[in-house]
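What follows is model38.cif (mmCIF, C-alpha atoms).
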```cif
data_structure
#
loop_
_atom_site.label_atom_id
_atom_site.label_comp_id
_atom_site.auth_asym_id
_atom_site.auth_seq_id
_atom_site.Cartn_x
_atom_site.Cartn_y
_atom_site.Cartn_z
CA MET A 1 -13.42 50.37 52.87
CA ASP A 2 -15.81 47.59 51.86
CA ASN A 3 -15.93 44.96 54.62
CA ASN A 4 -16.23 42.24 51.97
CA ARG A 5 -12.91 43.12 50.40
CA ILE A 6 -10.13 40.61 51.12
CA ILE A 7 -7.40 41.61 48.67
CA GLU A 8 -6.35 45.24 48.82
CA ARG A 9 -3.82 45.10 45.98
CA ILE A 10 -1.40 42.85 44.10
CA LEU A 11 2.20 43.94 43.45
CA PRO A 12 3.29 43.84 40.76
CA ARG A 13 0.22 43.45 38.59
CA ALA A 14 2.09 41.35 36.01
CA ALA A 15 4.32 38.27 36.23
CA ILE A 16 5.75 35.39 34.29
CA PRO A 17 5.25 31.84 35.63
CA GLY A 18 7.45 31.29 38.66
CA GLY A 19 7.46 35.00 39.52
CA GLU A 20 6.79 36.14 43.07
CA ILE A 21 3.84 38.47 43.64
CA ALA A 22 2.88 40.26 46.85
CA ILE A 23 -0.78 40.22 47.88
CA ASP A 24 -1.81 42.88 50.40
CA LEU A 25 -4.83 41.89 52.50
CA ALA A 26 -7.53 43.82 54.30
CA ALA A 27 -6.97 44.34 58.02
CA SER A 28 -10.15 42.46 58.85
CA HIS A 29 -9.02 39.23 57.18
CA SER A 30 -7.64 36.37 59.23
CA HIS A 31 -4.22 34.83 58.59
CA PRO A 32 -4.38 33.41 55.01
CA THR A 33 -3.75 29.72 54.37
CA SER A 34 -4.13 29.31 50.59
CA VAL A 35 -3.89 31.18 47.30
CA THR A 36 -5.14 30.06 43.89
CA ILE A 37 -4.26 31.71 40.58
CA ASP A 38 -6.34 30.80 37.54
CA GLY A 39 -7.75 27.93 39.59
CA THR A 40 -4.31 26.47 40.40
CA GLU A 41 -2.93 26.46 43.91
CA ALA A 42 0.05 28.76 44.27
CA GLN A 43 3.01 28.19 46.56
CA ILE A 44 3.03 30.65 49.46
CA VAL A 45 6.58 31.82 50.16
CA ALA A 46 5.80 33.95 53.23
CA SER A 47 2.69 35.31 54.91
CA SER A 48 1.34 37.51 57.66
CA ARG A 49 -2.11 38.87 58.46
CA ARG A 50 -1.63 41.79 56.05
CA ARG A 51 0.59 40.46 53.27
CA LEU A 52 1.58 37.22 51.60
CA LEU A 53 4.10 36.35 48.94
CA ALA A 54 3.12 33.70 46.39
CA LEU A 55 4.69 32.18 43.28
CA VAL A 56 2.69 32.24 40.05
CA PRO A 57 2.21 28.58 38.97
CA HIS A 58 3.76 27.39 35.72
CA ASP A 59 0.58 25.88 34.29
CA ILE A 60 -1.38 29.12 33.93
CA HIS A 61 -3.39 29.34 30.71
CA SER A 62 -5.05 32.74 31.00
CA PRO A 63 -3.22 35.98 30.11
CA THR A 64 -5.26 37.63 32.89
CA ALA A 65 -5.57 35.21 35.82
CA GLU A 66 -8.00 35.51 38.70
CA VAL A 67 -6.46 35.43 42.17
CA LEU A 68 -8.30 34.01 45.18
CA VAL A 69 -7.25 33.91 48.83
CA ASP A 70 -8.66 31.09 50.98
CA GLY A 71 -11.06 30.24 48.16
CA GLU A 72 -12.98 33.50 48.45
CA ARG A 73 -13.37 36.32 45.99
CA ARG A 74 -11.53 39.29 47.34
CA ILE A 75 -13.98 41.95 46.29
CA PRO A 76 -17.79 42.05 45.75
CA LYS A 77 -19.28 40.76 42.52
CA THR A 78 -20.14 44.34 41.58
CA LEU A 79 -16.42 44.98 41.07
CA PRO A 80 -13.89 43.09 38.92
CA ALA A 81 -12.15 40.15 40.55
CA ALA A 82 -8.55 40.63 41.63
CA SER A 83 -6.23 39.44 38.90
CA VAL A 84 -2.68 39.34 37.65
CA ILE A 85 -1.39 39.58 34.06
CA VAL A 86 0.57 36.40 33.31
CA GLY A 87 3.07 35.97 30.51
CA THR A 88 2.38 33.43 27.78
CA LYS A 89 5.33 31.16 27.03
CA LEU A 90 6.53 31.51 23.44
CA ALA A 91 9.47 29.11 23.52
CA GLY A 92 11.64 27.14 25.91
CA ASP A 93 14.88 25.16 25.86
CA LEU A 94 16.75 28.33 24.96
CA HIS A 95 19.66 30.19 26.48
CA PRO A 96 19.32 33.96 26.10
CA VAL A 97 21.99 36.03 27.85
CA ALA A 98 20.70 39.44 26.76
CA ASN A 99 17.64 41.05 25.19
CA PRO A 100 15.79 39.28 22.40
CA ALA A 101 15.06 41.55 19.43
CA PHE A 102 12.09 42.26 17.16
CA ASP A 103 12.62 42.66 13.43
CA PRO A 104 11.11 46.08 12.63
CA GLY A 105 10.21 44.84 9.15
CA ASP A 106 7.93 41.89 9.85
CA GLY A 107 7.60 41.79 13.65
CA SER A 108 9.46 38.50 14.04
CA LEU A 109 11.29 37.91 17.31
CA TYR A 110 14.88 36.64 17.42
CA VAL A 111 16.30 34.90 20.47
CA THR A 112 19.47 32.93 21.17
CA ARG A 113 20.57 29.59 22.48
CA SER A 114 23.92 31.04 23.45
CA GLY A 115 25.51 28.09 25.24
CA SER A 116 28.48 28.07 27.58
CA ARG A 117 31.66 29.81 26.46
CA GLY A 118 33.15 27.99 23.47
CA GLU A 119 30.18 25.64 23.08
CA HIS A 120 28.96 25.29 19.51
CA VAL A 121 25.31 24.29 19.26
CA PRO A 122 23.62 23.25 15.98
CA VAL A 123 21.14 26.14 16.17
CA SER A 124 22.19 29.24 18.10
CA ILE A 125 19.56 31.73 16.88
CA TYR A 126 15.82 31.07 16.61
CA LYS A 127 13.12 33.07 14.90
CA ILE A 128 9.58 33.32 16.24
CA ASN A 129 7.30 34.78 13.58
CA ALA A 130 4.32 37.05 14.15
CA GLU A 131 2.02 34.00 14.36
CA GLY A 132 4.15 32.44 17.10
CA ALA A 133 5.72 29.69 14.98
CA ILE A 134 9.33 28.86 15.94
CA GLU A 135 11.93 28.43 13.22
CA GLU A 136 15.58 27.41 13.33
CA PHE A 137 17.33 30.50 11.97
CA SER A 138 21.12 30.13 12.22
CA GLY A 139 23.88 28.05 13.74
CA ASP A 140 26.77 29.98 12.23
CA ILE A 141 27.54 32.18 15.25
CA THR A 142 29.06 30.63 18.37
CA ASN A 143 28.00 32.18 21.69
CA PRO A 144 25.67 34.81 20.18
CA THR A 145 25.01 37.40 22.87
CA ALA A 146 23.26 40.62 21.85
CA ILE A 147 20.98 41.08 18.84
CA ALA A 148 20.08 44.49 17.46
CA PHE A 149 18.63 45.95 14.27
CA SER A 150 20.06 49.10 12.75
CA PRO A 151 17.82 52.02 11.75
CA ARG A 152 18.00 50.58 8.23
CA GLY A 153 16.58 47.29 9.46
CA GLN A 154 19.78 45.24 9.20
CA MET A 155 20.36 42.57 11.83
CA PHE A 156 23.61 42.44 13.82
CA VAL A 157 24.73 39.93 16.45
CA THR A 158 27.68 39.98 18.85
CA SER A 159 29.73 36.91 19.76
CA ARG A 160 31.36 36.98 23.16
CA LEU A 161 33.63 34.12 22.06
CA ASP A 162 35.57 35.85 19.29
CA GLY A 163 34.87 39.54 19.97
CA THR A 164 33.07 39.94 16.66
CA VAL A 165 29.91 41.64 15.45
CA TYR A 166 28.25 39.72 12.62
CA ARG A 167 25.89 41.16 10.05
CA VAL A 168 23.08 38.73 9.25
CA SER A 169 21.16 38.94 5.99
CA GLU A 170 17.52 38.07 5.38
CA LEU A 171 18.81 34.82 3.81
CA ASN A 172 20.61 33.89 7.06
CA ASP A 173 24.08 34.65 5.66
CA CYS A 174 26.46 35.76 8.42
CA SER A 175 29.46 37.96 7.64
CA VAL A 176 31.99 39.67 9.89
CA PHE A 177 31.17 43.37 10.25
CA VAL A 178 33.78 44.29 12.87
CA SER A 179 36.12 42.19 15.01
CA GLU A 180 38.72 42.43 17.78
CA LEU A 181 36.29 43.96 20.28
CA GLY A 182 37.37 41.97 23.34
CA ILE A 183 34.50 40.05 24.95
CA ALA A 184 31.81 41.67 22.82
CA THR A 185 28.44 41.63 24.56
CA GLY A 186 26.04 44.61 24.53
CA LEU A 187 24.96 46.16 21.23
CA ALA A 188 22.92 49.28 20.44
CA PHE A 189 22.42 51.88 17.70
CA ASN A 190 21.85 55.58 18.18
CA ALA A 191 19.36 57.53 16.08
CA ASP A 192 22.09 58.41 13.57
CA GLY A 193 22.86 54.74 12.93
CA ASP A 194 26.19 54.56 14.77
CA MET A 195 26.80 51.20 16.46
CA PHE A 196 28.00 50.89 20.05
CA VAL A 197 29.43 47.65 21.41
CA GLY A 198 30.24 46.82 25.01
CA ASP A 199 33.36 44.78 25.78
CA ARG A 200 32.63 43.42 29.23
CA THR A 201 36.26 43.90 30.29
CA GLY A 202 35.61 47.63 30.37
CA THR A 203 35.55 49.29 26.94
CA ILE A 204 32.62 50.65 24.95
CA PHE A 205 33.40 50.87 21.23
CA ARG A 206 31.82 53.14 18.67
CA VAL A 207 31.61 51.62 15.18
CA ASN A 208 30.86 53.56 12.02
CA GLU A 209 28.80 52.34 9.06
CA ILE A 210 31.80 50.70 7.35
CA GLY A 211 32.88 48.71 10.41
CA GLU A 212 35.66 50.93 11.77
CA ALA A 213 35.81 50.76 15.57
CA THR A 214 37.21 53.28 18.03
CA GLU A 215 37.39 53.12 21.81
CA TRP A 216 34.68 55.52 22.92
CA ALA A 217 34.35 55.19 26.71
CA GLN A 218 35.47 53.13 29.69
CA HIS A 219 33.25 51.40 32.24
CA GLU A 220 33.72 49.15 35.25
CA PRO A 221 34.27 45.53 34.10
CA SER A 222 31.33 43.15 34.39
CA VAL A 223 31.19 39.57 35.63
CA SER A 224 28.76 38.62 32.86
CA ALA A 225 27.99 41.18 30.14
CA PHE A 226 27.39 44.79 29.28
CA HIS A 227 23.86 45.65 28.17
CA LEU A 228 23.25 48.84 26.18
CA ALA A 229 20.24 50.97 25.23
CA PHE A 230 19.82 54.49 23.92
CA GLY A 231 17.21 56.68 25.58
CA PRO A 232 15.02 59.41 24.10
CA ASP A 233 17.52 61.95 25.49
CA GLU A 234 20.17 60.41 23.17
CA GLY A 235 22.12 59.16 26.16
CA LEU A 236 23.58 55.64 26.18
CA TYR A 237 22.45 53.65 29.22
CA VAL A 238 24.60 50.74 30.35
CA THR A 239 24.28 47.91 32.84
CA GLY A 240 27.07 45.54 33.73
CA PRO A 241 26.52 43.25 36.71
CA THR A 242 29.34 43.10 39.23
CA VAL A 243 29.80 41.09 42.42
CA SER A 244 27.86 43.79 44.26
CA SER A 245 24.16 43.37 45.06
CA PHE A 246 23.69 47.15 44.78
CA ASP A 247 24.66 47.90 41.17
CA ALA A 248 24.08 51.03 39.13
CA ILE A 249 22.80 52.01 35.71
CA THR A 250 25.28 54.37 34.06
CA ARG A 251 24.39 57.04 31.51
CA PHE A 252 26.92 58.22 28.91
CA ASP A 253 26.40 61.50 27.07
CA LYS A 254 27.26 62.14 23.42
CA VAL A 255 30.97 62.56 24.11
CA GLY A 256 31.27 59.53 26.39
CA ALA A 257 31.19 61.28 29.76
CA SER A 258 29.47 59.11 32.38
CA GLU A 259 27.22 59.61 35.38
CA VAL A 260 25.19 57.31 37.61
CA PHE A 261 21.56 57.36 36.49
CA PHE A 262 20.18 54.98 39.12
CA HIS A 263 21.74 53.04 41.96
CA GLY A 264 20.40 50.12 43.94
CA LEU A 265 19.70 47.19 41.63
CA GLY A 266 20.72 43.57 42.01
CA ARG A 267 22.35 42.06 38.90
CA PRO A 268 20.89 44.49 36.32
CA GLN A 269 20.98 43.11 32.79
CA GLY A 270 18.90 43.80 29.65
CA LEU A 271 17.21 47.19 29.36
CA ALA A 272 14.80 49.07 27.08
CA PHE A 273 12.80 52.32 27.01
CA ASP A 274 9.13 53.06 26.47
CA ILE A 275 7.91 56.06 24.48
CA ASP A 276 7.39 58.07 27.67
CA GLY A 277 11.07 57.79 28.57
CA ASN A 278 10.70 55.23 31.36
CA LEU A 279 13.55 52.74 31.53
CA TYR A 280 12.79 49.04 31.99
CA VAL A 281 15.55 46.74 33.20
CA ALA A 282 15.85 43.06 34.11
CA ALA A 283 17.05 43.25 37.72
CA SER A 284 16.27 42.80 41.38
CA LEU A 285 14.81 45.69 43.34
CA ARG A 286 14.82 45.41 47.13
CA GLY A 287 15.31 41.66 46.84
CA ARG A 288 12.53 40.97 44.35
CA ARG A 289 13.41 39.91 40.79
CA GLY A 290 11.80 40.73 37.46
CA ILE A 291 11.41 43.81 35.27
CA VAL A 292 11.96 47.12 37.06
CA ARG A 293 10.59 50.41 35.68
CA ILE A 294 12.60 53.56 36.43
CA SER A 295 11.20 57.06 35.88
CA PRO A 296 12.85 59.37 33.31
CA ASP A 297 14.51 61.42 36.06
CA GLY A 298 15.95 58.31 37.73
CA LYS A 299 14.27 59.08 41.06
CA ASP A 300 11.55 56.43 41.23
CA ALA A 301 11.67 52.69 40.60
CA GLU A 302 9.14 49.91 40.93
CA LEU A 303 8.88 46.25 40.02
CA VAL A 304 6.32 45.96 37.19
CA VAL A 305 6.76 42.31 36.14
CA ALA A 306 7.71 39.57 38.59
CA GLY A 307 9.94 36.80 37.34
CA MET A 308 12.90 34.64 38.27
CA ASN A 309 16.12 34.27 36.24
CA VAL A 310 15.15 37.21 34.00
CA VAL A 311 17.96 38.35 31.69
CA GLY A 312 16.32 40.64 29.14
CA LEU A 313 13.26 42.15 27.54
CA ALA A 314 12.02 43.69 24.30
CA PHE A 315 9.07 45.84 23.31
CA GLY A 316 7.32 44.74 20.16
CA PRO A 317 4.32 45.40 17.93
CA ASP A 318 0.84 45.80 19.42
CA ASP A 319 2.26 46.90 22.79
CA ASP A 320 3.79 43.48 23.38
CA LEU A 321 6.42 43.07 26.07
CA VAL A 322 8.64 40.02 25.70
CA VAL A 323 10.54 38.88 28.80
CA ALA A 324 13.49 36.53 28.46
CA THR A 325 14.73 34.23 31.21
CA ASN A 326 17.85 32.09 31.02
CA ASP A 327 15.87 29.35 29.23
CA SER A 328 12.57 30.74 27.89
CA VAL A 329 10.76 33.74 26.43
CA TYR A 330 7.31 35.01 27.42
CA ARG A 331 4.89 37.55 25.95
CA LEU A 332 2.81 39.90 28.11
CA LYS A 333 0.21 42.51 27.26
CA ILE A 334 0.82 45.39 29.68
CA GLY A 335 -0.29 48.23 27.41
CA VAL A 336 3.09 49.90 27.07
CA GLN A 337 4.60 51.05 23.78
CA GLY A 338 8.33 50.74 23.36
CA LEU A 339 10.72 53.34 22.02
CA LEU A 340 12.25 52.58 18.62
CA LEU A 341 15.03 55.08 17.92
CA GLY A 342 15.65 56.02 14.34
CA ARG A 343 12.45 54.42 13.02
#
```
What's the structure tokens form of this structure?
Amino acid sequence: MDNNRIIERILPRAAIPGGEIAIDLAASHSHPTSVTIDGTEAQIVASSRRRLLALVPHDIHSPTAEVLVDGERRIPKTLPAASVIVGTKLAGDLHPVANPAFDPGDGSLYVTRSGSRGEHVPVSIYKINAEGAIEEFSGDITNPTAIAFSPRGQMFVTSRLDGTVYRVSELNDCSVFVSELGIATGLAFNADGDMFVGDRTGTIFRVNEIGEATEWAQHEPSVSAFHLAFGPDEGLYVTGPTVSSFDAITRFDKVGASEVFFHGLGRPQGLAFDIDGNLYVAASLRGRRGIVRISPDGKDAELVVAGMNVVGLAFGPDDDLVVATNDSVYRLKIGVQGLLLGR
């Protein structure tokens, strides 16, 4: 080990502002007293001689931010400086309660201002185009929850207020596609184009292409919402936070039979897959919040993006990862390509 090295590693290597990162220190270093990230002093949450926990400041301007402990570079100049990937804020003053969604046609991102139950806001869905410009898209849907695009590129949105799935045209026209689905929250399409909707009181509905719904499977009720995603194995993966701090991700096979895929997450919410079959979920793992990556066999999990109040995520063009909190959305470049079933 190089005696000049101060920082051994940073976990995770990516974060959104406000996220908590762990900095492991060399044994030879004295008890740390300060941390700066991108030149801004970071709040230290806890520290010892070998590890400290620090919050990424909100006024970071670099997508890759240099990290310093006690004002010193952690490694020699012959090696790259220690750094953390920091999410760039795309929009604030929002209220997502599930994953945002990318339009597969033009790469635009759609995100909600969902509001409290029964609250009608003037604009409930926003569009962020490929250049990052924010547009008011629609105010016709009250309490929009999940957004998903079908394999044909059509946009659908659930409303947890009226138990309806709306079809939204390119001209912003909203029409009822299927209704009477309880507290409709999660929404996902399989590779064949069948729609699946999660009623957070315990039912998962399967909906055909003409809007006919059937009860497909049962799941434990959730205190907030069901979140759905299909994996490359054609299984439907479901999260539904309960009052437990040790929740599970459930996998349903093609006929609706369920099994526990992974157990041990705090308040798991939005989820998505990468092309290698890893599952990413907004959750807490061993008390630390952000985006957790779970291996395809469900045996290994690690926090890959640190962040507070995270509710969802979406993979987009150019290996973008968008992370949604309860009031903002951020873009990170972590070099991971998302899975897009049916396209």
Run the PyMOL selection byres ((chain A and resi 287) around 12) mentally over the shown coordinates, then write out the matched residues as a PyMOL selection string, using the chain letters and numbers from the document. chain A and resi 20+245-246+264-267+283-286+288-290+292+302-303+306-308
Fewer than 6 positions away in the same chain doesn't count, so skip those; otherwise give me all residues within 12 Å of Ile128 (chain A), counting only C-alpha atoms, as number ranges by chain. A: 89-92, 100-103, 106-112, 134-137, 322, 329-331
8 Å contact set for Leu181 (chain A), only C-alpha atoms, chain neighbours under 2 positions out, as a list in words: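 Close residues of Leu181 (chain A): Gly163, Thr164, Val178, Ser179, Ile183, Ala184, Val197, Asp199 and Phe205 of chain A.
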Go ahead and dump the residues you just picked, C-alpha atoms, as an mmCIF file, keeping the file's coordinate frame.
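Saved the output as selection18.cif:
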```cif
data_model
loop_
_atom_site.group_PDB
_atom_site.id
_atom_site.type_symbol
_atom_site.label_atom_id
_atom_site.label_comp_id
_atom_site.auth_asym_id
_atom_site.auth_seq_id
_atom_site.Cartn_x
_atom_site.Cartn_y
_atom_site.Cartn_z
ATOM 1 C CA GLY A 163 34.870 39.540 19.970
ATOM 2 C CA THR A 164 33.070 39.940 16.660
ATOM 3 C CA VAL A 178 33.780 44.290 12.870
ATOM 4 C CA SER A 179 36.120 42.190 15.010
ATOM 5 C CA ILE A 183 34.500 40.050 24.950
ATOM 6 C CA ALA A 184 31.810 41.670 22.820
ATOM 7 C CA VAL A 197 29.430 47.650 21.410
ATOM 8 C CA ASP A 199 33.360 44.780 25.780
ATOM 9 C CA PHE A 205 33.400 50.870 21.230
#
```
Test item: the PyMOL selection byres ((chain A and resi 63) around 9) resolved as a VMD selection string: chain A and resid 60 to 62 64 to 65 84 to 88 332 to 333
Give the answer as one residue: which of A:Phe149, A:Glu212, A:Arg200, A:Gly118 has the shortest atom-to-atom distance to Leu161 (chain A), using all atoms listed in the file?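 That would be A:Gly118, the residue with the smallest distance to Leu161 (chain A).
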Can you give me, as a list in words, the residues this file yields under the PyMOL selection byres ((chain A and resi 57) around 6)?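 Selected by the PyMOL selection byres ((chain A and resi 57) around 6) here: Pro17, Gly18, Ala42, Val56, His58 and Asp59 of chain A.
Comparing A:Ser150, A:Gln337, A:Thr250, A:Asn326 by their smallest distance to Leu94 (chain A), the closest is A:Asn326 (using only C-alpha atoms).
Look at everything within 12 Å of (25.3, 60.6, 27.9) using all atoms listed in the file, and the residues you get are Asn190, Trp216, Ala217, Ala229, Phe230, Gly231, Pro232, Asp233, Glu234, Gly235, Leu236, Tyr237, Val238, Ile249, Thr250, Arg251, Phe252, Asp253, Lys254, Val255, Gly256, Ala257, Ser258, Glu259, Val260 and Phe261 of chain A.
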Give the answer as one residue: which of A:Ala98, A:Val304, A:Leu171, A:Ile125 has the shortest atom-to-atom distance to Leu187 (chain A), using only C-alpha atoms?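 Closest residue, counting only C-alpha atoms: A:Ala98.
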When you look at region 66-70 of chain A with a cut-off of 7 Å (counting all atoms listed in the file), what residues show up, excluding the ones that are within fewer than 3 positions of it in the same chain? I need them as a PDB file with C-alpha atoms, in the coordinates of the input.
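Done, and the output landed in around.pdb:
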```pdb
ATOM      1  CA  PRO A  32      -4.380  33.410  55.010  1.00  0.00           C
ATOM      2  CA  THR A  33      -3.750  29.720  54.370  1.00  0.00           C
ATOM      3  CA  SER A  34      -4.130  29.310  50.590  1.00  0.00           C
ATOM      4  CA  VAL A  35      -3.890  31.180  47.300  1.00  0.00           C
ATOM      5  CA  THR A  36      -5.140  30.060  43.890  1.00  0.00           C
ATOM      6  CA  ILE A  37      -4.260  31.710  40.580  1.00  0.00           C
ATOM      7  CA  ASP A  38      -6.340  30.800  37.540  1.00  0.00           C
ATOM      8  CA  ARG A  73     -13.370  36.320  45.990  1.00  0.00           C
ATOM      9  CA  ARG A  74     -11.530  39.290  47.340  1.00  0.00           C
ATOM     10  CA  ALA A  81     -12.150  40.150  40.550  1.00  0.00           C
ATOM     11  CA  ALA A  82      -8.550  40.630  41.630  1.00  0.00           C
ATOM     12  CA  SER A  83      -6.230  39.440  38.900  1.00  0.00           C
ATOM     13  CA  VAL A  84      -2.680  39.340  37.650  1.00  0.00           C
TER      14      VAL A  84
END
```
All residues 7 Å or closer to Val176 (chain A), all atoms listed in the file, same chain fewer than 5 positions away omitted, as an mmCIF file with C-alpha atoms, in the frame of the given file:
```
data_model
loop_
_atom_site.group_PDB
_atom_site.id
_atom_site.type_symbol
_atom_site.label_atom_id
_atom_site.label_comp_id
_atom_site.auth_asym_id
_atom_site.auth_seq_id
_atom_site.Cartn_x
_atom_site.Cartn_y
_atom_site.Cartn_z
ATOM 1 C CA THR A 164 33.070 39.940 16.660
ATOM 2 C CA VAL A 165 29.910 41.640 15.450
ATOM 3 C CA TYR A 166 28.250 39.720 12.620
ATOM 4 C CA ARG A 167 25.890 41.160 10.050
#
```
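A straight line drawn from CA of Phe262 (chain A) to CA of Asp276 (chain A) is 17.4 Å long.
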With distances taken over all atoms listed in the file, which of A:Gly105, A:Pro144, A:Gly153, A:Gly211 is nearest to Phe177 (chain A)? A:Gly211
